[in-house]
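J.: This structure is in structure tokens; I'll ask about it shortly.
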Amino acid sequence: MSDAALLTLTIFTPTIFAVLLMAFDKKAEEGMRVFTLIGTVVTFLLSLMMWQRFNMEEAGYQMQVVCNWIPTWNIEYRLGVDGISLPLVLLTGLVTMLAAVASWSIKEKIRGYLILFLMLETGMMGVFLSLDFFLFYVFWEVMLLPMYFLIGVWGGPRREYAAMKFFLYTLVGSVLMLIAILMFYFNSSQILDGKGIFSLIKLAEIAKSGQFNQNMQLIAFILLFIGFAIKVPCFPFHTWLPDAHVEAPTPISMILAGVLLKMGGYGIIRIAMPLCPWAAQYAAWFLVVLGVFSIIYGAFAAMAQTDFKRLVAYSSVSHMGYVLVGLAVWKINEAGQTVNPDLWLMGMQGAMYQMLGHGISSAGMFFMVGVIYDRVHHRDLNKFGGLMQKMPLYSGIAVGIFFAGLGLPGLCGFIGEVFVVLSIWQFSKTLAVIAAAGVILTAGYILWTIQRVFFGPEYKGPHGEDLSEMNGRESGVAVTLLVLAIIFGVLPSIMLDVMNPSTVALTKSLSEGYSNSAGSQPAAVSTPQVSLTK
Amino acid sequence: MDSVGLNHYLFVGAVLFVCGIVCMATKRNAIGVLMGVELVLNGANINFVALSRYTPLGLDGQVSSMFVIVLAAAEAAVALAIALNFYNNHLSIDVDRADDLRG
Amino acid sequence: MTPNVYTATSTTLKWLLGTAWLLPLAGFVIEIFGGYWGGRKTKTAAWIAVGCIATSFVLSLSALLVWRGATAEIREKQATALAEHDAAHGHGHGGEHGHGEHAHAASDHAHGAADHSHAHTNHVHTDHADFNPLRTTFTGEFYRLARFGSVVVSMDYYIDGLTVLMFTMVTLIATCIHVFATGYMAEELTEHYEDHQVHLSGGRHFHRPGRFYRFFAFLSLFCFAMLGLVLAGNVFQVFIFWELVGVCSFFLIGFYVERKSASTAANKAFIMNRVGDFGFLIGLMVVLTYFGTFQFANTSPDEIGSPGLFQMVRDTHGHMVTEGDGREKVVLLQSGGNTPLHSQDGKQRVIPYWLLIVAGLGVFAGCVGKSAQFPLQTWLPDAMEGPTPVSALVHSATMVAAGVYLVGRFYPMFTPEVLLTIAYVGAITAFIGATIAIVVTDIKRVLAYSTISQLGYMMLALGVGGWMAGLFHLITHAFFKSLMFLCSGSVIYGCHHEQDMTKMGGLRKKMPITAYTMLIGVFAIAGYGLPGLPINFSGFYSKDAIIASALTYVSLNPQHFLLFYIPVVTAGITAFYMFRMWFMTFAGTPRDHHVDEHAHESPLPMVAPLCLLAFLAWFCAFRGEDGGLAHQILSSEPTHVRDGLEHGGILGLSLPSHHQIHEKHATAGWVALFAAGLGSLISYLFYCRRTLDAGTIGRQFWVIRDFLIEKWRFDELYDVMFTRPVHVIGAWCQGFDKRVLDGLIHLASHLTLQTAKFDRAVDERLVDRIVNICGEVTYATGRSLKGIQTGRLRQYVMFIALGVVSLFVLVFAFLPRS
């Protein structure tokens with residue numbers, strides 16, 4: 001298979017399967033589920049094949065596909081993969097596959113559900129693989145719509161509210177992104193004598209050479225950042241998340257937490273920062289403050305929840321704060337050179353690893369909540385207890401996954417979290433101390449949850465008689481996630497090695513881009529630079 | 001006394017015209033009104049013919065008057081038909097009773 | 001040592017200790033899976049666990065021997081040099097050797113301007129390089145976790161005399177405790193275990209299947225984590241296993257998950273440890289930011305690796321090279337030899353002195369949490385909710401000692417200011433723990449408070465510069481305290497889970513072995529022995545060493561006199577409450593006949609470990625500081641400790657040298673012995689002879705008694721200071737989300753709706769209205785004009801006529817006549 005076919009198929013295999021689903025008889029629900037599962041497995045295998053072909057020594061984009069799409073506007077069908085996107089592609093394939101297994105719990109309008117589910121995967125894969133800004137935007141929107149319907153139709157009692165909230169929030173983000181896209185198009189057309197471009201690679205090269213002026217960078221960065229921050233989500237754009245999670249069905253929650261949130265982080269690292277290096281440095285302080293605040297705020301808010309799913313949702317807010325912090329711990333000295341680039345690299349890789357680790361642990365946590373919800377149909381934390389007796393296997397695995405969320409060494413949550421936290425000190429001592437305090441709060445709410453749900457002598461809520469041990473399908477998903485959490489916790493180098501060359505190259509080109517942009521207008525730089533980095 | 005000139009003709013035309021108008025305004029009989037109309041038209045005809053004689057209009061005025069004569073004949077035919085129909089409906093030709101088109 | 005020998009030994013030790021470390025993990029996996037699918041009535045899990053840990057012990061012991069064999073030559077050289085050195089010292093003590101002869105002054109420091117703030121000890125250190133413990137240390141890497149540019153984070157090993165000793169100690173005690181637990185936990189070998197402490201809603205007792213296998217699985221996992229902590233070759237790795245032992249402790253404390261008290265205690269332990277880890281993380285950040293590595297040291301002879309922390313912060317003579325004063329003071333980093341370390345752009349790499357203090361305090365904060373030091377000591381007594389073998393292994397001998405171990409391990413990084421903090425924290429802890437232990441009546445809690453107090457002792461010792469004393473006490477304490485915990489376990493087992501000492505008494509007749517092994521433990525912890533005698537209770541030597549260090553420290557720094565008086569008083573109190581416990585439990589007459597009737601001596605698997613541990617508790621410190629144990633510890637003593645320090649750091653603190661401590665040794669020994677004797681005597685009068693009535697005294701001093709019974713009210717304080725505020729802030733955040741953020745969103749949507757409504761209103765009321773008005777006006781005009789059309793022919797004619805006339809009139813009136 002050629003590289004072009006591999007990447008294209010990875011994106012569109014789910015679409016093909018979605019189309020073929022139409023051919024099924026309405027009553028063949030089991031068949032359709034299995035068929036969907038096969039579709040996601042094939043996609044996952046294709047992404048694994050991509051990993052196998054991937055050259056880990058090389059920093060740039062690999063397996064690029066370039067075709068003209070709309071030549072008038074220089075819009076291309078351009079795909080490619082590098083060390084930053086590959087781990088997320090793998091994560092998408094994996095989480096979607098597991099979510100497909102978890103979809104057996106969906107009983108109504110199954111065909112529509114499965115078609116939307118597969119379309120969603122196409123959108124997600126497309127976002128991570130596209131290297132054309134316009135194409136990226138298209139996939140971004142493609143992902144948005146199925147999600148809206150999946151929450152709005154198959155969700156819980158307040159699904160319309162949640163779906164609308166999700167949709168509006170994300171739409172605001174994507175509209176801002178669209179403005180930024182056009183800004184880049186027209187600016188590049190000025191720079192390149194009337195030939196505007198959407199190619200992210202070329203735009204990043206222009207940015208690296210410092211040809212986008214500072215005002216333009218700043219405005220574009222703000223637009224892009226808000227767009228992506230909504231998706232991350234970081235304070236104060238996070239309130240859609242708890243509602244969406246609470247109302248979404250279990251498999252959709254898994255995808256939402258496991259993959260969709262990562263698009264925000266991915267957008268920042270792939271688009272916002274490389275295209276606006278000067279602005280990224282200018283705003284670094286703000287980003288770190290926002291991230292640290294999200295960490296603490298999410299943890300505190302999680303502490304106050306009584307709804308199990310809401311608690312996990314807030315823990316996502318807290319954990320994704322680390323991503324933001326890790327990306328932005330970029331400190332420069334008076335001369336505009338990056339200080340301690342190794343530690344920034346550490347923060348950046350820590351942030352990316354945090355995305356992976358959170359993808360696994362949060363998907364696992366939502367799945368675990370879903371399992372118990374399917375049995376007793378409530379999520380009130382104060383009405384659980386004693387599950388360790390009734391469902392020992394479930395409780396054992398769930399405790400393991402929750403500890404992964406807590407950031408216990410040896411499990412996936414630890415690596416990202418600790419590397420990010422360690423990298424903050426060189427950026428700001430105060431913020432480092434505050435961020436480190438997050439570990440106490442995290443331990444607090446997770447342990448308290450474990451105590452309330454799994455420990456204790458007896459189950460206190462309704463439907464106690466339905467508490468049966470997990471079935472084979474459920475244990476399969478749970479065990480897979482736990483095993484991955486352990487592997488990712490013990491051998492982080494399997495993914496860090498993939499990321500390393502690309503992130504090294506990225507930090508270098510960002511530093512260069514910064515000094516080039518700053519050099520073009522030295523007078524304007526000096527004042528904010530001093531006030532921001534002190 | 002001067003010979004008969006344009007002003008005399010115009011005077012006669014004006015008298016005819018005024019007579020016609022008065023006739024139309026005062027007669028309640030539809031035939032009378034019709035006759036008033038004829039008088040007005042003929043007053044106008046005299047003016048046309050006179051003006052074509054004394055001004056450089058030439059035959060234009062006479063042609064116009066010929067048109068008026070033909071038109072008056074047609075009009076008389078139509079008007080008499082209306083009057084007859086009116087009589088058939090109302091057993092009268094008193095135009096004051098013909099107020100069906102009142103707003 | 002030649003590079004070849006080094007590599008060979010290093011590999012051998014790596015495999016021996018690595019296997020010893022990983023065996024319990026394998027055990028854990030087998031036990032947890034085998035137990036889940038296997039039966040509940042078999043002891044297989046226990047034997048697997050015992051087999052794993054016993055094999056680990058054998059491997060550790062061989063590692064100890066291998067290490068001793070490989071380093072014998074070097075250590076011998078060092079010992080000879082030492083002897084000569086001491087001789088020279090004795091000779092030169094009168095002042096014949098002036099400061100100018102200091103070897104380091106002649107040594108080749110690139111920075112002439114460097115102010116060598118270490119200082120002017122009374123020693124001649126010509127042969128300093130010979131005392132470097134790094135020469136007998138083997139370091140290397142298991143595998144790499146991550147690499148960020150030049151920063152490498154990996155799983156390393158760091159094997160020196162202390163590591164192998166700790167391995168042997170941990171595995172030995174763990175083996176004893178595993179064997180003990182096979183008997184103690186036998187009640188769990190059932191399908192229907194009835195828990196009398198848990199009451200269900202219907203008033204019934206709680207029934208559950210036994211959890212024998214789970215207990216041993218977690219015990220194995222704990223051993224794995226603990227050994228990993230000891231083996232760790234970098235401080236990040238220590239942090240990893242630090243957390244892992246914490247989580248094992250969490251599971252073991254909360255072993256009876258259905259008991260609310262147990263799960264709460266487990267949470268408390270974990271969260272308080274995390275508070276300490278918060279400090280630890282800050283320490284790690286500083287270390288990483290300024291040193292760029294986590295490795296303790298890199299002793300590999302092939303010169304490829306970069307220097308480790310210890311090599312950077314001190315030169316081979318053990319001196320910190322500093323520059324500047326006050327807040328400007330910086331420590332110049334070394335490159336492993338006596339040459340300064342440069343960064344890539346050729347600048348001297350430095351770390352601000354105050355940040356080095358922060359790093360030290362941060363790492364020490366982790367130790368405070370783990371070793372239950374003031375102010376984080378309150379979790380340890382609650383941790384007694386776990387089964388007794390857990391208390392013996394995790395909460396007395398190994399995990400809680402890990403904090404002390406780390407302070408010892410990280411010692412080269414600590415500045416005198418940090419050491420002073422450590423000393424004070426240790427002293428306060430020792431005193432608090434001991435005082436509370438006086439009034440506690442739960443036999444396990446007495447031991448728990450005693451553990452806190454003794455750990456404080458060790459910290460104190462390390463803080464006052466008695467590096468060897470602290471770690472010496474760590475080892476001896478591990479033996480006698482685990483012995484006492486196991487004895488208490490035996491008592492509890494014999495009395496059917498009765499832990500209240502006020503219901504016991506006279507048990508020595510029913511359980512003689514337990515009683516007399518316990519008595520050995522009590523003598524050991526009280527520190528009985530005769531100075532000069534080669535065979536004394538192990539506690540005597542170690543406590544003696546601590547008091548001697550403290551006395552020397554105070555004599556050098558008189559303003560910190562409390563650091564001597566508190567440990568002496570505490571030594572007395574320790575003897576008092578320990579004898580109180582023994583008298584209340586084993587002496588006198590039974591107080592509760594129900595308990596007494598059922599009491600019986602424990603079976604062989606439980607008694608045998610008691611005897612072995614009692615033997616070790618008595619004799620492990622054979623010949624005291626001249627004995628094998630002390631020498632083994634001394635072999636890894638950081639270079640700078642031996643010579644002490646005079647007016648170092650910012651505060652001008654002095655640290656005692658070995659020689660100075662040695663001079664005070666005799667005095668200190670007698671003082672400690674006197675204090676212990678006095679304590680025991682009072683205890684004897686109170687609880688054995690009953691000449692004095694404890695109850696009466698307690699009533700008279702009820703304020704103090706209640707204060708002590710309420711554990712100095714720390715729990716209440718923390719509840720008010722931390723727990724509740726956290727919940728309140730949590731609720732605020734939640735409210736902020738609901739009210740403010742969601743409020744804003746709702747407000748926005750509301751505003752949008754309102755705008756839409758307004759739009760509709762404008763359309764309906766304004767735009768439509770204008771159109772309608774136009775229509776209406778037109779209509780009205782038409783209507784009003786309709787009267788004109790009368791239908792009367794003659795009238796029309798009149799109108800026409802009058803109209804024409806008026807038109808003419810108008811034309812003539814207004815048209816200009818030209």
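Numbering starts fresh at 1 for the residues of each chain in the structure tokens, the chains themselves are lettered A, B, ... in the order given, and ligands are numbered from 1 as they appear.
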Taking the chain letters and numbering used in this document, name the residues of segment 84-302 of chain A that DSSP puts in alpha helix (DSSP H), as number ranges by chain.

T.: A: 85-102, 110-129, 133-154, 159-191, 200-208, 214-231, 240-247, 250-255, 261-267, 273-275, 277-282, 284-302

J.: Please report, as a tab-separated table, each residue of chain C lying at most 9 Å from chain B, together with the nearest pair of atoms and the separation in Å rounded to one decimal; use only C-alpha atoms, and order rows by chain and ascending residue number.

T.:
residue	atom	partner	partner_atom	distance
C:Arg783	CA	B:Gly103	CA	8.9
C:Leu785	CA	B:Gly103	CA	8.7
C:Lys786	CA	B:Gly103	CA	5.0
C:Gly787	CA	B:Gly103	CA	6.2
C:Ile788	CA	B:Gly103	CA	7.5
C:Gln789	CA	B:Gly103	CA	5.1
C:Thr790	CA	B:Arg102	CA	4.6
C:Gly791	CA	B:Arg102	CA	4.2
C:Arg792	CA	B:Asp96	CA	5.6
C:Leu793	CA	B:Val95	CA	6.5
C:Arg794	CA	B:Ala25	CA	4.5
C:Gln795	CA	B:Ala25	CA	6.8
C:Tyr796	CA	B:Ala25	CA	8.3
C:Val797	CA	B:Ala25	CA	5.8
C:Met798	CA	B:Ala25	CA	6.1
C:Ala801	CA	B:Ile21	CA	7.3

J.: Output N, CA and C atoms of each residue in that selection to a file, as a PDB file, in the first residue's frame.

T.:
ATOM      1  N   ARG C 783     -62.077  56.856   0.965  1.00  0.00           N
ATOM      2  CA  ARG C 783     -63.381  56.789   1.573  1.00  0.00           C
ATOM      3  C   ARG C 783     -64.018  58.178   1.673  1.00  0.00           C
ATOM      4  N   LEU C 785     -63.350  60.680  -0.134  1.00  0.00           N
ATOM      5  CA  LEU C 785     -63.619  61.270  -1.443  1.00  0.00           C
ATOM      6  C   LEU C 785     -64.777  60.601  -2.163  1.00  0.00           C
ATOM      7  N   LYS C 786     -65.219  59.502  -1.632  1.00  0.00           N
ATOM      8  CA  LYS C 786     -66.241  58.734  -2.337  1.00  0.00           C
ATOM      9  C   LYS C 786     -67.555  59.524  -2.450  1.00  0.00           C
ATOM     10  N   GLY C 787     -67.807  60.420  -1.485  1.00  0.00           N
ATOM     11  CA  GLY C 787     -69.035  61.204  -1.512  1.00  0.00           C
ATOM     12  C   GLY C 787     -69.158  62.046  -2.778  1.00  0.00           C
ATOM     13  N   ILE C 788     -68.067  62.416  -3.356  1.00  0.00           N
ATOM     14  CA  ILE C 788     -68.104  63.268  -4.537  1.00  0.00           C
ATOM     15  C   ILE C 788     -68.762  62.554  -5.703  1.00  0.00           C
ATOM     16  N   GLN C 789     -68.511  61.256  -5.737  1.00  0.00           N
ATOM     17  CA  GLN C 789     -69.092  60.512  -6.866  1.00  0.00           C
ATOM     18  C   GLN C 789     -70.563  60.220  -6.553  1.00  0.00           C
ATOM     19  N   THR C 790     -71.426  61.172  -6.948  1.00  0.00           N
ATOM     20  CA  THR C 790     -72.824  61.030  -6.589  1.00  0.00           C
ATOM     21  C   THR C 790     -73.581  60.165  -7.568  1.00  0.00           C
ATOM     22  N   GLY C 791     -72.992  60.009  -8.750  1.00  0.00           N
ATOM     23  CA  GLY C 791     -73.720  59.267  -9.777  1.00  0.00           C
ATOM     24  C   GLY C 791     -74.650  60.182 -10.572  1.00  0.00           C
ATOM     25  N   ARG C 792     -74.704  61.455 -10.244  1.00  0.00           N
ATOM     26  CA  ARG C 792     -75.605  62.341 -10.983  1.00  0.00           C
ATOM     27  C   ARG C 792     -74.848  62.988 -12.127  1.00  0.00           C
ATOM     28  N   LEU C 793     -75.377  62.733 -13.323  1.00  0.00           N
ATOM     29  CA  LEU C 793     -74.694  63.128 -14.533  1.00  0.00           C
ATOM     30  C   LEU C 793     -74.520  64.628 -14.605  1.00  0.00           C
ATOM     31  N   ARG C 794     -75.569  65.305 -14.234  1.00  0.00           N
ATOM     32  CA  ARG C 794     -75.552  66.740 -14.401  1.00  0.00           C
ATOM     33  C   ARG C 794     -74.548  67.388 -13.463  1.00  0.00           C
ATOM     34  N   GLN C 795     -74.458  66.797 -12.293  1.00  0.00           N
ATOM     35  CA  GLN C 795     -73.484  67.320 -11.345  1.00  0.00           C
ATOM     36  C   GLN C 795     -72.070  67.188 -11.921  1.00  0.00           C
ATOM     37  N   TYR C 796     -71.827  66.035 -12.517  1.00  0.00           N
ATOM     38  CA  TYR C 796     -70.515  65.812 -13.114  1.00  0.00           C
ATOM     39  C   TYR C 796     -70.207  66.876 -14.144  1.00  0.00           C
ATOM     40  N   VAL C 797     -71.218  67.135 -14.964  1.00  0.00           N
ATOM     41  CA  VAL C 797     -71.030  68.132 -16.009  1.00  0.00           C
ATOM     42  C   VAL C 797     -70.675  69.456 -15.387  1.00  0.00           C
ATOM     43  N   MET C 798     -71.357  69.754 -14.287  1.00  0.00           N
ATOM     44  CA  MET C 798     -71.059  71.002 -13.609  1.00  0.00           C
ATOM     45  C   MET C 798     -69.626  71.017 -13.091  1.00  0.00           C
ATOM     46  N   ALA C 801     -67.348  71.566 -15.928  1.00  0.00           N
ATOM     47  CA  ALA C 801     -67.383  72.943 -16.409  1.00  0.00           C
ATOM     48  C   ALA C 801     -66.677  73.853 -15.426  1.00  0.00           C
TER      49      ALA C 801
END

J.: Would you mind listing what lies within 6 Å of segment 76-89 of chain A as a PyMOL selection string, with only C-alpha atoms counted and same-chain residues fewer than 5 positions away left out?

T.: chain A and resi 61-69+128-132+498-499+502

J.: Chain A residues within 6 Å of chain C, counting only C-alpha atoms: which ones, as a list in words?

T.: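 Taken together, these residues fit the definition: Phe300, Ala301, Met303, Ala304, Asp342, Met346, Pro409, Leu422, Trp425, Ala436, Ala437, Ile440, Phe455, Gly456, Pro457, Pro492 and Ser493 of chain A.
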
J.: What's the 7 Å shell around His640 of chain C, counting only C-alpha atoms, without same-chain residues fewer than 2 positions away, as a count of residues only?

T.: 7

J.: Please provide as a list in words all residues within 10 Å of Asn45 of chain B, with the sequence filter that same-chain residues fewer than 5 positions apart are discarded (counting only C-alpha atoms).

T.: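 The neighbour list is Gly13, Leu39, Val40, Ala50, Leu51, Gly61, Gln62, Ser64, Ser65, Met66, Phe67, Val68 and Ile69 of chain B.
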
J.: Kindly export the residues of the current selection with N, CA and C atoms, as a compact mmCIF listing (two decimals), in the first residue's frame.

T.:
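Output below, filename again.txt:
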# COMPACT_ATOMS: atom_id res chain seq x y z
N GLY B 13 -68.92 79.89 -31.59
CA GLY B 13 -68.52 78.57 -30.99
C GLY B 13 -68.67 78.61 -29.49
N LEU B 39 -74.32 69.94 -28.98
CA LEU B 39 -74.05 71.37 -29.08
C LEU B 39 -72.59 71.65 -28.73
N VAL B 40 -72.11 71.03 -27.64
CA VAL B 40 -70.72 71.26 -27.25
C VAL B 40 -69.77 70.85 -28.37
N ALA B 50 -62.97 77.33 -38.07
CA ALA B 50 -62.61 78.75 -38.16
C ALA B 50 -61.11 78.91 -38.03
N LEU B 51 -60.55 78.21 -37.12
CA LEU B 51 -59.12 78.35 -36.92
C LEU B 51 -58.35 77.81 -38.12
N GLY B 61 -57.45 71.46 -39.15
CA GLY B 61 -58.64 71.75 -38.35
C GLY B 61 -59.86 71.10 -38.96
N GLN B 62 -59.98 71.15 -40.28
CA GLN B 62 -61.15 70.55 -40.91
C GLN B 62 -61.16 69.05 -40.75
N SER B 64 -59.89 67.47 -38.30
CA SER B 64 -60.28 67.21 -36.91
C SER B 64 -61.77 67.31 -36.76
N SER B 65 -62.34 68.31 -37.36
CA SER B 65 -63.79 68.44 -37.21
C SER B 65 -64.51 67.27 -37.86
N MET B 66 -63.96 66.77 -38.97
CA MET B 66 -64.57 65.59 -39.59
C MET B 66 -64.57 64.42 -38.59
N PHE B 67 -63.44 64.27 -37.91
CA PHE B 67 -63.36 63.22 -36.89
C PHE B 67 -64.43 63.41 -35.83
N VAL B 68 -64.55 64.68 -35.41
CA VAL B 68 -65.52 64.96 -34.34
C VAL B 68 -66.92 64.60 -34.79
N ILE B 69 -67.21 64.91 -36.05
CA ILE B 69 -68.56 64.63 -36.57
C ILE B 69 -68.80 63.12 -36.55

J.: Neighbouring residues of segment 110-115 of chain A were defined as those with any atom within 7 Å, considering only C-alpha atoms; residues of the same chain fewer than 2 positions away were excluded. Please report them as a list of chain:residue names.

T.: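 The contact residues come out as A:Ala18, A:Glu29, A:Thr36, A:Ile106, A:Lys107, A:Glu108, A:Phe117, A:Leu118, A:Met119, A:Leu150.
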
J.: Write the residues you've just listed into a file as a PDB file, in the first residue's frame, and include C-alpha atoms for each of them.

T.:
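To be explicit, this is the file written out as part_34.pdb:
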ATOM      1  CA  ALA A  18     -20.721   4.082   7.488  1.00  0.00           C
ATOM      2  CA  GLU A  29     -28.618  -4.666  15.060  1.00  0.00           C
ATOM      3  CA  THR A  36     -18.866  -1.075  13.011  1.00  0.00           C
ATOM      4  CA  ILE A 106     -26.771   1.653  23.074  1.00  0.00           C
ATOM      5  CA  LYS A 107     -30.167   0.155  22.319  1.00  0.00           C
ATOM      6  CA  GLU A 108     -32.112   2.738  20.332  1.00  0.00           C
ATOM      7  CA  PHE A 117     -20.087   7.294  15.319  1.00  0.00           C
ATOM      8  CA  LEU A 118     -18.050   6.324  12.274  1.00  0.00           C
ATOM      9  CA  MET A 119     -18.346   9.792  10.764  1.00  0.00           C
ATOM     10  CA  LEU A 150     -24.788  11.810  19.329  1.00  0.00           C
TER      11      LEU A 150
END

J.: Apply DSSP to the structure's backbone, then extract all residues of segment 21-246 of chain A labelled strand (DSSP E or B) and return them as a list in words.

T.: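 Going through segment 21-246 of chain A, the strand (DSSP E or B) residues come out as Gln62, Met63, Gln64, Val65, Val66, Cys67, Asn68, Trp69, Ile70, Ile75, Glu76, Tyr77, Arg78, Leu79, Gly80, Val81, Ser130, Asp132 and Ser199 of chain A.
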
J.: If we count only C-alpha atoms, what is near Val15 of chain B at a cut-off of 9 Å, once residues fewer than 5 positions away on the same chain are taken out, given as a PyMOL selection string?

T.: chain B and resi 10+20+43
